[in-house]
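Shown here: query27.txt, compact mmCIF, C-alpha atoms and all ligand atoms.
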```
# COMPACT_ATOMS: atom_id res chain seq x y z
CA MET A 1 299.93 -54.42 -22.51
CA TYR A 2 297.75 -51.43 -23.31
CA VAL A 3 294.10 -52.33 -22.70
CA ASN A 4 290.68 -50.77 -23.21
CA LEU A 5 287.94 -51.94 -20.84
CA PRO A 6 284.59 -52.51 -22.60
CA HIS A 7 282.61 -50.85 -19.78
CA THR A 8 281.83 -47.33 -18.69
CA TRP A 9 284.25 -46.01 -16.07
CA ARG A 10 281.52 -46.18 -13.43
CA ALA A 11 281.33 -49.95 -13.82
CA HIS A 12 284.88 -50.63 -12.62
CA PRO A 13 287.27 -49.28 -9.98
CA PHE A 14 289.92 -47.87 -12.35
CA LEU A 15 290.39 -44.19 -13.01
CA ARG A 16 290.32 -44.59 -16.80
CA ASN A 17 288.87 -46.99 -19.34
CA SER A 18 292.24 -47.37 -21.10
CA PHE A 19 295.59 -47.90 -19.43
CA THR A 20 298.85 -49.84 -19.51
CA ILE A 21 299.02 -53.07 -17.50
CA THR A 22 302.48 -53.66 -16.07
CA THR A 23 301.95 -56.06 -13.14
CA ASP A 24 300.21 -59.36 -12.35
CA LYS A 25 298.41 -57.58 -9.51
CA GLN A 26 296.67 -55.29 -12.01
CA ILE A 27 295.56 -58.33 -14.03
CA SER A 28 294.17 -59.94 -10.86
CA LYS A 29 292.33 -56.72 -10.06
CA VAL A 30 290.70 -56.68 -13.50
CA ILE A 31 289.69 -60.35 -13.14
CA ASN A 32 288.50 -60.01 -9.55
CA PHE A 33 286.23 -57.17 -10.52
CA GLY A 34 284.35 -59.51 -12.83
CA ILE A 35 285.71 -58.08 -16.10
CA THR A 36 285.93 -61.09 -18.40
CA GLU A 37 287.35 -59.46 -21.52
CA VAL A 38 289.47 -56.47 -22.52
CA ASN A 39 290.52 -55.05 -25.87
CA ILE A 40 294.32 -55.08 -26.28
CA ASP A 41 295.75 -52.21 -28.31
CA VAL A 42 298.92 -53.61 -29.93
CA GLN A 43 299.76 -50.20 -31.41
CA LYS A 44 300.30 -48.80 -27.93
CA GLY A 45 301.67 -51.89 -26.18
CA ILE A 46 302.72 -55.50 -26.72
CA ALA A 47 300.39 -58.33 -27.73
CA ALA A 48 298.94 -60.85 -25.26
CA ALA A 49 300.84 -63.76 -26.81
CA ASP A 50 304.19 -62.15 -25.92
CA ILE A 51 303.27 -61.68 -22.30
CA LEU A 52 301.29 -64.85 -21.54
CA LYS A 53 304.38 -66.96 -20.94
CA GLU A 54 305.61 -64.49 -18.34
CA ILE A 55 302.41 -64.39 -16.27
CA VAL A 56 302.80 -66.07 -12.92
CA GLU A 57 299.67 -67.34 -11.15
CA PRO A 58 298.85 -64.56 -8.67
CA GLU A 59 299.15 -65.47 -5.02
CA LYS A 60 295.76 -66.42 -3.63
CA ASP A 61 294.54 -64.77 -0.47
CA PHE A 62 293.03 -67.36 1.87
CA SER A 63 292.80 -65.04 4.86
CA GLU A 64 289.30 -64.46 6.13
CA LYS A 65 289.55 -60.74 6.19
CA ALA A 66 289.89 -58.59 3.11
CA ASP A 67 290.31 -54.83 3.09
CA ILE A 68 286.69 -54.11 2.38
CA VAL A 69 286.58 -50.33 2.77
CA PRO A 70 288.57 -48.56 0.01
CA ASP A 71 290.77 -45.68 1.23
CA GLN A 72 289.41 -43.61 -1.67
CA LEU A 73 285.91 -43.89 -0.19
CA LYS A 74 287.04 -42.53 3.18
CA GLU A 75 289.12 -39.81 1.47
CA ALA A 76 286.27 -38.68 -0.79
CA ILE A 77 283.84 -38.47 2.16
CA ALA A 78 286.36 -36.51 4.27
CA ASP A 79 287.38 -34.10 1.49
CA LYS A 80 285.59 -30.85 2.27
CA LYS A 81 286.82 -29.12 -0.89
CA MET A 82 285.66 -31.74 -3.39
CA PRO A 83 282.74 -30.41 -5.52
CA PRO A 84 279.45 -32.27 -4.77
CA GLU A 85 279.13 -33.85 -8.21
CA THR A 86 282.70 -35.21 -8.13
CA LYS A 87 282.23 -36.39 -4.55
CA ALA A 88 279.00 -38.19 -5.47
CA GLN A 89 280.71 -39.98 -8.38
CA ALA A 90 283.70 -41.00 -6.21
CA VAL A 91 281.51 -42.19 -3.31
CA HIS A 92 279.30 -44.17 -5.70
CA LEU A 93 282.21 -45.77 -7.53
CA HIS A 94 284.08 -46.81 -4.38
CA SER A 95 280.89 -47.99 -2.65
CA VAL A 96 280.32 -50.29 -5.63
CA ASN A 97 283.92 -51.47 -5.28
CA MET A 98 283.33 -52.13 -1.56
CA MET A 99 280.12 -54.01 -2.38
CA SER A 100 281.88 -56.27 -4.91
CA LYS A 101 284.55 -57.17 -2.34
CA LEU A 102 281.91 -58.06 0.23
CA PHE A 103 279.96 -60.23 -2.22
CA ASP A 104 283.23 -62.00 -2.97
CA LYS A 105 283.77 -62.93 0.71
CA PRO A 106 280.57 -62.34 2.68
CA ASN A 107 281.82 -63.49 6.08
CA LYS A 108 281.22 -62.00 9.54
CA LYS A 109 284.40 -59.90 9.68
CA ASN A 110 283.87 -58.46 6.23
CA ILE A 111 280.23 -57.60 6.89
CA GLU A 112 281.40 -55.81 10.05
CA GLN A 113 283.95 -53.80 8.05
CA PHE A 114 281.37 -53.08 5.37
CA LYS A 115 278.96 -51.69 7.98
CA GLU A 116 281.71 -49.35 9.23
CA GLY A 117 282.28 -48.14 5.66
CA ILE A 118 278.56 -47.58 5.15
CA VAL A 119 278.32 -45.39 8.29
CA GLY A 120 280.32 -42.71 6.43
CA VAL A 121 278.09 -42.95 3.35
CA VAL A 122 274.87 -42.81 5.43
CA ASP A 123 276.13 -39.76 7.36
CA LEU A 124 277.00 -38.07 4.06
CA ILE A 125 273.47 -38.69 2.70
CA LEU A 126 271.93 -37.37 5.92
CA ALA A 127 274.10 -34.24 6.19
CA ASP A 128 275.14 -33.21 2.67
CA ASN A 129 272.07 -32.48 0.52
CA ALA A 130 274.08 -31.25 -2.47
CA THR A 131 276.17 -34.42 -2.77
CA ASN A 132 273.10 -36.55 -2.08
CA HIS A 133 271.25 -34.88 -4.95
CA TYR A 134 273.97 -36.06 -7.37
CA LEU A 135 274.23 -39.48 -5.70
CA MET A 136 270.50 -40.09 -6.23
CA ASN A 137 270.73 -39.11 -9.86
CA ILE A 138 273.56 -41.42 -10.90
CA THR A 139 271.49 -43.72 -13.04
CA THR A 140 273.37 -43.76 -16.34
CA HIS A 141 274.84 -47.21 -15.95
CA ASP A 142 274.41 -50.80 -16.92
CA TYR A 143 272.82 -53.00 -14.30
CA ASN A 144 274.77 -55.29 -12.02
CA THR A 145 274.08 -56.47 -8.47
CA TYR A 146 276.76 -54.26 -6.87
CA VAL A 147 275.64 -51.05 -8.62
CA HIS A 148 271.99 -51.88 -7.90
CA SER A 149 272.74 -52.54 -4.21
CA VAL A 150 274.47 -49.17 -3.85
CA ASN A 151 271.67 -47.32 -5.68
CA VAL A 152 268.99 -48.90 -3.48
CA GLY A 153 271.13 -48.07 -0.43
CA VAL A 154 271.33 -44.41 -1.44
CA LEU A 155 267.64 -44.16 -2.39
CA GLY A 156 266.49 -46.07 0.70
CA VAL A 157 268.44 -43.86 3.12
CA SER A 158 267.27 -40.71 1.28
CA LEU A 159 263.63 -41.81 1.55
CA ALA A 160 263.97 -42.86 5.20
CA LYS A 161 265.59 -39.47 5.91
CA THR A 162 262.41 -37.71 4.68
CA ILE A 163 259.94 -40.12 6.27
CA PHE A 164 261.66 -40.16 9.68
CA ALA A 165 262.67 -36.47 9.63
CA LYS A 166 260.74 -35.74 12.82
CA SER A 167 261.70 -38.89 14.70
CA ASP A 168 264.90 -40.00 16.35
CA HIS A 169 263.64 -43.52 17.07
CA HIS A 170 265.43 -45.05 14.11
CA ASP A 171 269.03 -46.26 13.93
CA MET A 172 269.86 -44.87 10.50
CA HIS A 173 273.24 -46.59 10.39
CA ALA A 174 271.72 -50.05 10.91
CA LEU A 175 268.80 -49.26 8.61
CA GLY A 176 271.21 -47.94 5.96
CA ALA A 177 273.24 -51.15 6.19
CA GLY A 178 269.97 -53.05 5.66
CA PHE A 179 269.22 -51.08 2.47
CA PHE A 180 272.74 -51.49 1.06
CA LEU A 181 272.71 -55.22 1.91
CA HIS A 182 269.12 -55.92 0.78
CA ASP A 183 270.29 -58.28 -2.01
CA LEU A 184 273.13 -59.95 -0.08
CA GLY A 185 271.30 -63.29 -0.35
CA LYS A 186 272.17 -63.28 -4.07
CA VAL A 187 275.63 -64.59 -3.08
CA TYR A 188 273.89 -67.99 -2.78
CA ILE A 189 272.11 -67.85 -6.16
CA ASP A 190 273.72 -69.37 -9.25
CA GLU A 191 275.62 -66.63 -11.13
CA ALA A 192 274.19 -67.88 -14.41
CA ILE A 193 270.74 -66.93 -13.08
CA ILE A 194 271.90 -63.61 -11.62
CA ASN A 195 273.61 -62.55 -14.85
CA LYS A 196 271.19 -64.12 -17.34
CA PRO A 197 270.75 -61.65 -20.21
CA GLY A 198 267.03 -62.41 -20.53
CA LYS A 199 263.89 -63.12 -18.57
CA LEU A 200 264.08 -65.95 -16.04
CA THR A 201 262.21 -69.24 -16.47
CA GLU A 202 259.78 -70.31 -13.74
CA GLU A 203 262.38 -72.72 -12.31
CA GLU A 204 265.01 -69.94 -12.26
CA MET A 205 262.52 -67.59 -10.60
CA ILE A 206 261.98 -70.18 -7.83
CA GLN A 207 265.73 -70.09 -7.16
CA MET A 208 265.89 -66.29 -7.39
CA ARG A 209 262.98 -65.85 -4.96
CA LYS A 210 265.08 -67.47 -2.25
CA HIS A 211 267.47 -64.52 -1.98
CA PRO A 212 265.53 -62.44 0.60
CA SER A 213 265.36 -65.36 3.07
CA MET A 214 268.98 -66.38 2.38
CA GLY A 215 270.25 -62.83 3.00
CA PHE A 216 268.19 -62.57 6.19
CA LYS A 217 269.58 -65.90 7.35
CA LEU A 218 273.18 -64.93 6.59
CA LEU A 219 272.86 -61.68 8.57
CA ASN A 220 271.20 -63.62 11.39
CA GLU A 221 273.87 -66.32 11.51
CA THR A 222 276.71 -63.78 11.43
CA LYS A 223 274.85 -61.72 14.06
CA GLN A 224 274.90 -58.61 11.88
CA ILE A 225 272.22 -55.91 12.10
CA ASN A 226 269.40 -56.28 14.63
CA GLU A 227 266.23 -58.13 13.64
CA GLU A 228 264.08 -55.07 12.90
CA ASN A 229 266.60 -53.71 10.38
CA ARG A 230 267.21 -57.17 8.94
CA LEU A 231 263.53 -57.17 7.90
CA VAL A 232 264.58 -54.84 5.05
CA VAL A 233 266.40 -57.81 3.54
CA LEU A 234 263.60 -60.31 4.16
CA GLN A 235 260.70 -58.13 3.02
CA HIS A 236 261.99 -55.99 0.15
CA HIS A 237 260.08 -58.08 -2.43
CA GLU A 238 256.79 -58.15 -0.50
CA ARG A 239 254.00 -56.16 -2.17
CA ALA A 240 251.14 -54.30 -0.48
CA ASN A 241 248.56 -56.26 -2.53
CA GLY A 242 249.93 -59.63 -1.38
CA THR A 243 251.58 -60.62 -4.68
CA GLY A 244 255.16 -60.42 -3.41
CA TYR A 245 257.51 -62.97 -1.88
CA PRO A 246 258.65 -64.84 0.17
CA GLN A 247 255.68 -64.57 2.59
CA LYS A 248 252.98 -62.90 0.43
CA MET A 249 252.48 -60.33 3.17
CA ARG A 250 249.95 -57.52 2.74
CA GLY A 251 249.69 -53.80 3.50
CA ASN A 252 250.89 -52.70 6.90
CA ASP A 253 251.88 -56.26 7.87
CA ILE A 254 254.99 -55.45 5.84
CA HIS A 255 257.40 -53.51 8.06
CA ILE A 256 257.82 -49.86 7.06
CA TYR A 257 261.55 -50.52 6.44
CA GLY A 258 260.66 -53.26 3.94
CA ARG A 259 258.06 -51.00 2.29
CA ILE A 260 260.63 -48.21 1.88
CA CYS A 261 263.13 -50.62 0.35
CA SER A 262 260.60 -52.05 -2.12
CA VAL A 263 259.92 -48.58 -3.60
CA ALA A 264 263.67 -47.88 -3.97
CA ASP A 265 264.29 -51.36 -5.39
CA VAL A 266 261.58 -51.20 -8.08
CA PHE A 267 262.57 -47.66 -9.09
CA ASP A 268 266.23 -48.63 -9.58
CA ALA A 269 265.23 -51.73 -11.57
CA LEU A 270 263.18 -49.50 -13.89
CA VAL A 271 265.87 -46.84 -14.45
CA SER A 272 268.58 -49.47 -15.11
CA LYS A 273 269.37 -50.79 -18.54
CA ARG A 274 269.17 -54.58 -18.91
CA PRO A 275 269.93 -56.62 -22.02
CA TYR A 276 266.21 -57.41 -22.35
CA LYS A 277 264.71 -54.06 -21.47
CA LYS A 278 265.29 -50.39 -22.09
CA LYS A 279 266.11 -48.04 -19.28
CA HIS A 280 263.45 -45.58 -18.14
CA GLU A 281 264.22 -41.97 -17.33
CA PRO A 282 263.46 -41.24 -13.63
CA PHE A 283 260.26 -39.34 -14.47
CA GLU A 284 259.02 -42.19 -16.71
CA ALA A 285 259.85 -44.75 -14.03
CA LEU A 286 257.81 -42.84 -11.43
CA LYS A 287 254.92 -42.69 -13.93
CA VAL A 288 255.06 -46.47 -14.55
CA MET A 289 255.09 -47.08 -10.79
CA LYS A 290 252.11 -44.76 -10.28
CA ASN A 291 250.03 -45.98 -13.23
CA GLU A 292 250.81 -49.69 -13.28
CA MET A 293 252.10 -50.72 -9.86
CA MET A 294 250.45 -48.45 -7.33
CA ASP A 295 248.83 -51.36 -5.48
CA HIS A 296 252.32 -52.73 -4.82
CA PHE A 297 253.28 -49.79 -2.64
CA HIS A 298 252.15 -47.85 0.38
CA LYS A 299 250.74 -44.59 -1.06
CA ASP A 300 252.28 -42.20 1.53
CA ILE A 301 255.73 -43.74 1.07
CA PHE A 302 255.49 -43.57 -2.73
CA ASP A 303 254.32 -39.91 -2.60
CA LYS A 304 257.31 -39.00 -0.40
CA PHE A 305 259.60 -40.83 -2.81
CA VAL A 306 258.28 -38.77 -5.76
CA LEU A 307 259.03 -35.58 -3.82
CA LEU A 308 262.72 -36.56 -3.62
CA PHE A 309 262.98 -35.91 -7.38
CA LYS A 310 261.29 -32.48 -7.44
FE FE B 401 266.10 -58.33 -4.30
```
Let's see the structure in the file written out as structure tokens.
Amino acid sequence: MYVNLPHTWRAHPFLRNSFTITTDKQISKVINFGITEVNIDVQKGIAAADILKEIVEPEKDFSEKADIVPDQLKEAIADKKMPPETKAQAVHLHSVNMMSKLFDKPNKKNIEQFKEGIVGVVDLILADNATNHYLMNITTHDYNTYVHSVNVGVLGVSLAKTIFAKSDHHDMHALGAGFFLHDLGKVYIDEAIINKPGKLTEEEMIQMRKHPSMGFKLLNETKQINEENRLVVLQHHERANGTGYPQKMRGNDIHIYGRICSVADVFDALVSKRPYKKKHEPFEALKVMKNEMMDHFHKDIFDKFVLLFK
């Protein structure tokens, strides 16, 4: 079958939007990546009806451990000749792929593997300014939890890099893992709520507001990331003026790691397109944050964030 995927190429792990499907494994890959429909081009291939009877149920993988870190991610990071823009796109795409696999099976072994994969991405952000510039500016995409998690990871590490430039008291690998995993608790929230193409009702918001505590608990139970860095997950929706959740903390009671993550999180939500809201350009998003939300953030952290885009 020749298929066209109804998504931009950044929203899936395939090299092209259109290609020929020849194996059951490819079909499983499309399904496992959350793609629920494809357009079948019967001019270039055969129709679905002719092939349906030949499809065998793919073998299910019940093993605990999946291959979380894509080889392409390691290869792109290690490739010294790859131009920065291409490298940024490859690292972003395969990090999203890695994130989707983790959300599919968020157990101890997979979180461990994920953290190893993220070490390479964090080191790239810390050492390669050119690639990081492009990584931070990949915002032309539709919103989903995996893409959002990677964007907040990249922005969080970039901001922490500036704020902690003169200090070596911070474990950037563990902190980076905290940023990338800030929304991990969403694995426990009903998918219908996560993917709702509209604003949430009050009852749905009550469910949604559980994700910081659930993520914190999961990382605690699986003994992943020390407590200080886990606070990123617990506190990323706290607001300096006390209007956040889950603990309605205020000002400097919120850990600096949580405060950094909240700035990155809100910015990415504003620059992402959702079915019920338009996407803001980065400059517009910073303006909205400054003019309408400034009491949500710590001023020094927000000012340093703005400088990242100069
Ligand atoms: Fe969140």
Query raised in the report: CA of Asp67 (chain A) and CA of Tyr2 (chain A), how far apart in Å?
Result: 27.6 Å
Query - Pick from A:Ser158, A:Thr222, A:Thr145, A:Asn151 nearest to ligand FE 401 (chain B), counting all atoms listed in the file - result: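 With all atoms listed in the file as the atom set, the closest residue is A:Thr145.
Here CA of Met1 (chain A) is placed at a distance of 10.7 Å from CA of Val38 (chain A).
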Requested in this report: With a distance cut-off of 9 Å and all atoms listed in the file, select the neighbouring residues of Leu218 (chain A), excluding the residue or stretch itself and same-chain residues fewer than 4 positions from it, and output the selection as a VMD selection string.
Outcome: chain A and resid 106 to 107 184 to 185 213 to 214 222 to 224
Could you report the residues within 9 Å of ligand FE 401 (chain B), using all atoms listed in the file, as a compact mmCIF listing (two decimals) with C-alpha atoms, in the coordinates of the input?
```txt
# COMPACT_ATOMS: atom_id res chain seq x y z
CA SER A 149 272.74 -52.54 -4.21
CA HIS A 182 269.12 -55.92 0.78
CA ASP A 183 270.29 -58.28 -2.01
CA LEU A 184 273.13 -59.95 -0.08
CA GLY A 185 271.30 -63.29 -0.35
CA LYS A 186 272.17 -63.28 -4.07
CA MET A 208 265.89 -66.29 -7.39
CA ARG A 209 262.98 -65.85 -4.96
CA HIS A 211 267.47 -64.52 -1.98
CA PRO A 212 265.53 -62.44 0.60
CA VAL A 233 266.40 -57.81 3.54
CA HIS A 236 261.99 -55.99 0.15
CA HIS A 237 260.08 -58.08 -2.43
CA SER A 262 260.60 -52.05 -2.12
CA ASP A 265 264.29 -51.36 -5.39
```
Report task. May I have the residues within 9 Å of Leu231 (chain A) as a PyMOL selection string, using all atoms listed in the file and disregarding those fewer than 2 positions away in the same chain? Result -> chain A and resi 178+216+226-229+233-236+254-255+257-258
Query raised in the report: Quick one, how far is CA of Ala269 (chain A) from CA of Asp104 (chain A)?
Result: 22.4 Å
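Near Lys161 (chain A), within a cut-off of 9 Å and counting only C-alpha atoms, sit the residues Ile125, Leu126, Gly156 and Met172 of chain A, with same-chain residues fewer than 5 positions away left out.
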Query raised in the report: Got a sec: who's within 8 Å of region 116-121 of chain A, counting only C-alpha atoms, leaving out chain neighbours fewer than 5 positions off, as a list in words?
Result: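 After dropping sequence-adjacent residues, the list is Val69, Lys74, Ile77, Val91, His173, Gly176 and Ala177 of chain A.
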Query - Test item: residues at most 12 Å from Lys304 (chain A), only C-alpha atoms, excluding those fewer than 6 positions along its chain, as a ChimeraX atom specification - result: /A:155-156,158-165,260,263-264,286,297-298,310
Query - Residue nearest Lys248 (chain A) - candidates A:Lys279, A:Lys44, A:His296, A:Arg230, atoms counted: all atoms listed in the file - result: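 Looking only at the distances to Lys248 (chain A), the closest residue turns out to be A:His296.
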Query raised in the report: Which is closer to Val232 (chain A) than all the others in A:Ile256, A:Glu85, A:Val266, A:Phe309, using all atoms listed in the file?
Result: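 Using all atoms listed in the file, the shortest distance to Val232 (chain A) belongs to A:Ile256.
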Query raised in the report: Which one of A:Asp300, A:Asp253, A:Glu204, A:Asp41 sits closest to Ile189 (chain A) if you count all atoms listed in the file?
Result: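 For Ile189 (chain A), the nearest of the candidates is A:Glu204.
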